[in-house]
$ cat target_29.tsv   # TSV, C-alpha atoms
chain	number	residue	atom	x	y	z
A	11	MET	CA	-128.58	86.31	-89.10
A	12	VAL	CA	-126.86	84.41	-86.35
A	13	GLU	CA	-123.56	86.11	-87.09
A	14	SER	CA	-125.27	89.48	-87.03
A	15	ALA	CA	-126.77	88.64	-83.68
A	16	TRP	CA	-123.42	87.58	-82.30
A	17	ILE	CA	-121.81	90.72	-83.65
A	18	ALA	CA	-124.53	92.84	-82.09
A	19	ALA	CA	-124.22	90.97	-78.80
A	20	GLY	CA	-120.44	91.34	-78.86
A	21	ALA	CA	-120.71	95.02	-79.51
A	22	ALA	CA	-123.14	95.37	-76.65
A	23	ILE	CA	-120.82	93.47	-74.35
A	24	VAL	CA	-117.88	95.60	-75.45
A	25	GLY	CA	-119.96	98.69	-74.81
A	26	VAL	CA	-120.95	97.53	-71.38
A	27	VAL	CA	-117.39	96.55	-70.51
A	28	GLY	CA	-116.12	99.83	-71.86
A	29	THR	CA	-118.66	101.76	-69.88
A	30	ALA	CA	-117.83	99.75	-66.76
A	31	THR	CA	-114.14	100.26	-67.32
A	32	VAL	CA	-114.61	103.97	-67.72
A	33	GLY	CA	-116.76	103.99	-64.63
A	34	ILE	CA	-114.24	102.01	-62.60
A	35	VAL	CA	-111.36	104.13	-63.80
A	36	GLY	CA	-113.37	107.24	-63.05
A	37	TYR	CA	-114.21	105.89	-59.60
A	38	PHE	CA	-110.58	105.26	-58.73
A	39	ILE	CA	-109.54	108.61	-60.17
A	40	ALA	CA	-112.24	110.32	-58.14
A	41	ARG	CA	-111.29	108.28	-55.06
A	42	SER	CA	-107.64	109.21	-55.48
A	43	THR	CA	-108.60	112.83	-55.95
A	44	ASN	CA	-110.78	112.72	-52.86
A	45	ARG	CA	-107.98	111.14	-50.84
A	46	GLN	CA	-105.60	113.84	-51.97
A	47	ALA	CA	-108.15	116.50	-51.18
A	48	LEU	CA	-108.79	114.96	-47.77
A	49	ALA	CA	-105.05	114.72	-47.06
A	50	GLU	CA	-104.56	118.34	-48.03
A	51	ALA	CA	-107.57	119.37	-45.95
A	52	ARG	CA	-106.25	117.36	-43.00
A	53	LYS	CA	-102.80	118.94	-43.36
A	54	THR	CA	-104.34	122.41	-43.52
A	55	THR	CA	-106.46	121.65	-40.45
A	56	ASP	CA	-103.47	120.31	-38.50
A	57	GLU	CA	-101.42	123.38	-39.39
A	58	SER	CA	-104.27	125.66	-38.36
A	59	LEU	CA	-104.71	123.81	-35.07
A	60	ALA	CA	-100.97	123.93	-34.37
A	61	ALA	CA	-100.90	127.66	-35.10
A	62	ALA	CA	-103.95	128.21	-32.92
A	63	HIS	CA	-102.36	126.16	-30.12
A	64	GLN	CA	-99.20	128.25	-30.33
A	65	ASP	CA	-101.25	131.44	-30.21
A	66	VAL	CA	-103.18	130.20	-27.18
A	67	SER	CA	-99.95	129.06	-25.47
A	68	ARG	CA	-98.33	132.44	-26.10
A	69	THR	CA	-101.40	134.22	-24.80
A	70	LEU	CA	-101.56	132.04	-21.68
A	71	GLU	CA	-97.83	132.44	-21.01
A	72	SER	CA	-98.09	136.20	-21.48
A	73	THR	CA	-101.08	136.30	-19.14
A	74	ARG	CA	-99.26	134.12	-16.60
A	75	LYS	CA	-96.16	136.33	-16.69
A	76	GLY	CA	-98.35	139.39	-16.27
A	77	GLN	CA	-100.09	137.85	-13.27
A	78	ILE	CA	-96.77	136.87	-11.66
A	79	ALA	CA	-95.33	140.34	-12.25
A	80	ASP	CA	-98.42	141.93	-10.72
A	81	LEU	CA	-98.35	139.56	-7.73
A	82	TYR	CA	-94.62	140.20	-7.23
A	83	SER	CA	-95.17	143.97	-7.18
A	84	ARG	CA	-97.92	143.63	-4.58
A	85	VAL	CA	-96.18	141.21	-2.22
A	86	ILE	CA	-92.92	143.15	-2.25
A	87	ASP	CA	-94.80	145.98	-0.57
A	88	GLN	CA	-95.94	143.57	2.14
A	89	LEU	CA	-92.37	143.08	3.36
A	90	GLY	CA	-92.34	146.71	4.47
A	91	SER	CA	-95.57	146.45	6.43
A	92	GLU	CA	-95.59	147.26	10.14
A	93	GLN	CA	-97.86	144.27	10.74
A	94	LEU	CA	-96.05	140.98	11.33
A	95	PRO	CA	-98.73	138.70	9.77
A	96	VAL	CA	-98.69	140.80	6.60
A	97	ARG	CA	-94.91	140.48	6.32
A	98	ILE	CA	-95.07	136.72	6.86
A	99	GLY	CA	-97.76	136.44	4.19
A	100	GLY	CA	-95.54	138.40	1.80
A	101	VAL	CA	-92.59	136.10	2.48
A	102	TYR	CA	-94.54	132.93	1.68
A	103	ALA	CA	-96.15	134.56	-1.37
A	104	LEU	CA	-92.66	135.29	-2.70
A	105	GLY	CA	-91.77	131.66	-2.07
A	106	ARG	CA	-94.73	130.60	-4.21
A	107	ILE	CA	-93.60	132.92	-6.99
A	108	ALA	CA	-90.10	131.42	-6.87
A	109	ARG	CA	-91.57	127.91	-7.20
A	110	ASP	CA	-93.84	128.88	-10.09
A	111	SER	CA	-91.32	130.92	-12.08
A	112	LYS	CA	-87.68	130.04	-12.72
A	113	GLU	CA	-87.31	133.55	-14.10
A	114	TYR	CA	-88.25	135.11	-10.76
A	115	HIS	CA	-86.48	132.51	-8.58
A	116	PRO	CA	-83.09	134.30	-8.39
A	117	ILE	CA	-84.75	137.68	-7.81
A	118	VAL	CA	-86.90	136.33	-4.99
A	119	MET	CA	-83.89	134.70	-3.31
A	120	GLU	CA	-81.97	137.98	-3.46
A	121	VAL	CA	-84.92	139.88	-2.00
A	122	LEU	CA	-85.45	137.39	0.84
A	123	THR	CA	-81.77	137.12	1.77
A	124	ALA	CA	-81.47	140.93	1.78
A	125	PHE	CA	-84.59	141.03	3.98
A	126	ILE	CA	-82.92	138.60	6.38
A	127	ARG	CA	-79.59	140.42	6.46
A	128	GLU	CA	-81.15	143.85	7.02
A	129	ASN	CA	-83.75	142.88	9.63
A	130	SER	CA	-82.40	139.88	11.52
A	131	ARG	CA	-80.59	142.06	14.07
A	132	ASP	CA	-83.85	143.47	15.41
A	133	GLN	CA	-84.46	142.16	18.91
A	134	TRP	CA	-87.28	139.68	19.28
A	135	PRO	CA	-89.44	139.72	21.29
A	136	PRO	CA	-89.49	143.55	21.31
A	137	PRO	CA	-88.23	145.10	24.57
A	138	GLU	CA	-91.66	146.51	25.41
A	139	ARG	CA	-93.08	143.00	25.73
A	140	HIS	CA	-90.74	142.25	28.66
A	141	GLU	CA	-90.42	138.60	27.69
A	142	PRO	CA	-87.32	136.61	28.67
A	143	GLY	CA	-84.94	135.27	26.06
A	144	GLN	CA	-84.20	136.25	22.50
A	145	TRP	CA	-84.75	134.46	19.22
A	146	THR	CA	-85.14	135.08	15.53
A	147	ARG	CA	-88.09	137.27	14.52
A	148	PRO	CA	-90.96	135.15	13.10
A	149	ASP	CA	-90.94	136.79	9.65
A	150	ILE	CA	-87.16	136.30	9.44
A	151	GLN	CA	-87.65	132.63	10.35
A	152	ALA	CA	-90.27	132.39	7.61
A	153	ALA	CA	-87.82	133.87	5.10
A	154	ILE	CA	-85.14	131.37	6.20
A	155	ASN	CA	-87.63	128.54	5.70
A	156	VAL	CA	-88.43	129.65	2.16
A	157	VAL	CA	-84.77	130.10	1.24
A	158	GLY	CA	-83.75	126.76	2.77
A	159	ARG	CA	-86.51	124.84	0.98
A	160	ARG	CA	-86.05	126.44	-2.43
A	161	ASP	CA	-85.40	124.56	-5.68
A	162	VAL	CA	-81.60	124.67	-5.63
A	163	GLU	CA	-81.46	123.74	-9.32
A	164	SER	CA	-82.86	127.19	-10.12
A	165	ASP	CA	-80.11	129.03	-8.20
A	166	THR	CA	-77.87	131.31	-10.22
A	167	GLN	CA	-75.60	132.30	-7.33
A	168	PRO	CA	-74.88	131.25	-3.72
A	169	ILE	CA	-77.27	132.24	-0.96
A	170	ASP	CA	-75.89	135.33	0.80
A	171	LEU	CA	-76.53	135.48	4.55
A	172	TYR	CA	-73.37	137.37	5.45
A	173	GLY	CA	-73.54	138.71	9.00
A	174	ALA	CA	-77.11	137.53	9.59
A	175	THR	CA	-78.23	137.23	13.21
A	176	LEU	CA	-80.07	133.95	13.55
A	177	ILE	CA	-80.23	133.48	17.31
A	178	ASN	CA	-82.17	130.33	18.23
A	179	ALA	CA	-83.28	130.04	14.60
A	180	ASN	CA	-84.53	126.67	13.36
A	181	LEU	CA	-82.36	125.73	10.39
A	182	SER	CA	-83.12	122.01	10.65
A	183	GLY	CA	-83.46	120.21	7.35
A	184	LEU	CA	-82.71	123.32	5.32
A	185	ASP	CA	-80.47	123.31	2.26
A	186	LEU	CA	-77.79	125.96	2.72
A	187	ARG	CA	-75.05	124.29	0.69
A	188	GLY	CA	-72.54	126.83	-0.55
A	189	ALA	CA	-74.26	129.65	1.34
A	190	THR	CA	-72.31	132.61	2.70
A	191	LEU	CA	-72.77	132.63	6.47
A	192	ARG	CA	-69.56	134.44	7.24
A	193	ARG	CA	-69.72	136.50	10.45
A	194	ALA	CA	-73.23	135.18	11.10
A	195	ASN	CA	-74.51	134.71	14.66
A	196	LEU	CA	-75.94	131.22	15.02
A	197	ALA	CA	-76.23	131.20	18.80
A	198	GLY	CA	-78.54	128.40	19.86
A	199	ALA	CA	-79.48	127.63	16.27
A	200	TYR	CA	-80.98	124.21	15.52
A	201	LEU	CA	-78.98	122.59	12.73
A	202	TYR	CA	-80.35	119.06	12.76
A	203	ASP	CA	-79.77	117.55	9.29
A	204	THR	CA	-78.92	120.97	7.88
A	205	LYS	CA	-76.99	120.89	4.60
A	206	LEU	CA	-73.99	123.21	4.96
A	207	ALA	CA	-71.51	121.53	2.62
A	208	ASP	CA	-69.15	124.09	1.03
A	209	ALA	CA	-70.79	126.93	2.97
A	210	ASP	CA	-68.64	129.88	4.05
A	211	LEU	CA	-68.61	129.66	7.86
A	212	ARG	CA	-65.54	131.79	8.46
A	213	ASP	CA	-65.45	134.25	11.34
A	214	LEU	CA	-68.67	133.02	12.90
A	215	LYS	CA	-69.29	135.32	15.84
A	216	SER	CA	-69.29	132.47	18.30
A	217	PHE	CA	-65.54	132.06	17.85
A	218	ASP	CA	-65.01	135.81	18.15
A	219	GLY	CA	-66.20	135.52	21.73
A	220	VAL	CA	-69.90	135.79	20.97
A	221	HIS	CA	-72.38	132.88	21.26
A	222	LEU	CA	-72.78	129.66	19.28
A	223	HIS	CA	-71.89	127.61	22.35
A	224	SER	CA	-75.28	125.89	22.18
A	225	ALA	CA	-75.63	125.53	18.42
A	226	ASP	CA	-75.63	121.89	17.36
A	227	LEU	CA	-72.89	121.53	14.75
A	228	THR	CA	-71.80	118.10	15.93
A	229	ARG	CA	-74.56	115.72	14.88
A	230	PHE	CA	-76.25	115.29	11.53
A	231	ALA	CA	-75.35	118.73	10.10
A	232	ASP	CA	-73.37	118.35	6.87
A	233	LEU	CA	-70.31	120.62	7.03
A	234	THR	CA	-68.25	118.84	4.39
A	235	GLY	CA	-65.93	121.33	2.70
A	236	ALA	CA	-67.31	124.31	4.62
A	237	LYS	CA	-64.85	127.20	4.91
A	238	TRP	CA	-63.58	127.68	8.48
A	239	SER	CA	-61.24	130.25	9.97
A	240	ASN	CA	-60.69	129.10	13.56
A	241	GLU	CA	-58.64	126.26	14.97
A	242	THR	CA	-61.53	125.36	17.28
A	243	VAL	CA	-63.81	123.16	15.20
A	244	PRO	CA	-67.04	121.27	15.92
A	245	GLN	CA	-66.65	117.86	17.53
A	246	GLY	CA	-66.15	115.12	14.94
A	247	TRP	CA	-64.59	117.45	12.37
A	248	GLN	CA	-61.07	118.48	11.44
A	249	LEU	CA	-59.44	121.13	9.25
A	250	TYR	CA	-57.59	120.65	6.03
A	251	THR	CA	-56.14	123.20	3.63
A	252	ASP	CA	-57.31	123.13	0.04
A	253	PRO	CA	-55.08	124.17	-2.90
A	254	ASN	CA	-56.44	127.72	-2.62
A	255	ARG	CA	-55.18	127.89	1.00
A	256	ALA	CA	-58.68	128.12	2.43
A	257	LYS	CA	-59.28	126.11	5.59
A	258	ARG	CA	-62.14	123.68	5.20
A	259	LEU	CA	-63.84	121.07	7.35
A	260	GLU	CA	-63.85	117.33	6.83
A	261	ARG	CA	-65.03	114.47	9.00
A	262	GLN	CA	-62.54	112.81	11.31
A	263	ASP	CA	-63.95	109.36	10.66
A	264	ALA	CA	-63.46	107.15	7.62
A	265	GLY	CA	-66.46	108.71	5.94
A	266	ALA	CA	-64.90	112.14	5.86
A	267	SER	CA	-65.21	112.37	2.10
A	268	ASP	CA	-68.94	111.70	2.19
A	269	SER	CA	-71.17	114.64	1.57
A	270	GLY	CA	-74.09	112.98	3.31
A	271	SER	CA	-75.50	113.97	6.66
A	272	ALA	CA	-74.75	110.88	8.71
A	273	ALA	CA	-74.35	111.19	12.43
A	274	VAL	CA	-70.92	111.53	13.97
A	275	ASN	CA	-70.46	109.33	17.01
$ encode --input "target_29.tsv" --output "structure tokens"
Amino acid sequence: MVESAWIAAGAAIVGVVGTATVGIVGYFIARSTNRQALAEARKTTDESLAAAHQDVSRTLESTRKGQIADLYSRVIDQLGSEQLPVRIGGVYALGRIARDSKEYHPIVMEVLTAFIRENSRDQWPPPERHEPGQWTRPDIQAAINVVGRRDVESDTQPIDLYGATLINANLSGLDLRGATLRRANLAGAYLYDTKLADADLRDLKSFDGVHLHSADLTRFADLTGAKWSNETVPQGWQLYTDPNRAKRLERQDAGASDSGSAAVN
């Protein structure tokens, strides 16, 4: 009887243990399956979110490009307006487009420099106003400001201001490195701390007998390596000939090789 009881008890224990084992094994199998399912679900969700993000980004970029293109078309028309404030507004709007879009930056610079070249010869103030003196038209000055404060890293070619008339223009602090200013009229221009390194300054009209006598090219303006075609050079500078036979400017002092804008005493 006792043995039978022990046998029965042992069988019961084995049954319980077996059931528990099956349950535990089933639990871990189910847990592993759930983890796998969750991982797959998470992966699917991440992929869906990434795809959705790309779609949204493409949509936003497409919308942004469309808005910039539309704005560009509208402000270009402003440059041809007969009203000065409208033209100035168009100039600064183009500057904003150039800052916001590297794609449009070179186009905007070409438009603004062409605007300067073609319109800078117009007398200002207009003769009918009977005001003394002459200086650069306000919208042309605005265009010069935008060009000189551009992001130079986005340039694809040198700034072209060939033959521009910039009488009494304020070029102070502007970045015109490498710019073409050949045959330009800079009479009375303010060039305090202007960056003109490697600019093309050949045949400036001042040294053809026209103006520039009052332009400040002696202090703070950086003319290092600028192309020059006349033996008369700004105070503190001297000419040297590069391997390509072009005459260029360098400082007379020990810091001649510096490209900085330190004062020349």
$ atom_distance --input "target_29.tsv" --atom1 "atom CA of A:Pro95" --atom2 "atom CA of A:Met119"
20.2 Å
$ residues_around --input "target_29.tsv" --residues "stretch 181-197 of chain A" --least-positions-apart "4" --cutoff "6 Å" --atoms "only C-alpha atoms" --output "PyMOL selection string"
chain A and resi 158-159+168-177+201-215+221-222+225
$ closest_residue --input "target_29.tsv" --among "A:Arg52, A:Arg160, A:Arg147, A:Lys257" --to "A:His115" --atoms "all atoms listed in the file"
A:Arg160
$ axis_aligned_box --input "target_29.tsv" --around "stretch 187-195 of chain A" --padding-each-side "4 Å" --output "JSON"
{"center_x": -72.3, "center_y": 130.4, "center_z": 7.1, "size_x": 13.5, "size_y": 20.2, "size_z": 23.2}
$ closest_residue --input "target_29.tsv" --among "A:Ala152, A:Asp132, A:Thr55, A:Glu163" --to "A:Ala103" --atoms "all atoms listed in the file"
A:Ala152
$ atom_distance --input "target_29.tsv" --atom1 "atom CA of A:Ala124" --atom2 "atom CA of A:Leu94"
17.4 Å
$ closest_residue --input "target_29.tsv" --among "A:Ile154, A:Ala79, A:Ala256, A:Val243" --to "A:Tyr114" --atoms "only C-alpha atoms"
A:Ala79
$ atom_distance --input "target_29.tsv" --atom1 "atom CA of A:Ser239" --atom2 "atom CA of A:Thr251"
10.8 Å
$ residues_around --input "target_29.tsv" --residues "A:Leu259" --least-positions-apart "5" --cutoff "8 Å" --atoms "all atoms listed in the file" --output "list in words"
Leu233, Thr234, Gly235, Ala236, Lys237, Trp238, Trp247, Gln248, Leu249 and Tyr250 of chain A
$ residues_around --input "target_29.tsv" --residues "A:Leu104" --least-positions-apart "4" --cutoff "9 Å" --atoms "all atoms listed in the file" --output "list in words"
Leu81, Tyr82, Val85, Ile86, Gly99, Gly100, Ala108, Arg109, His115, Val118, Met119, Leu122 and Val156 of chain A
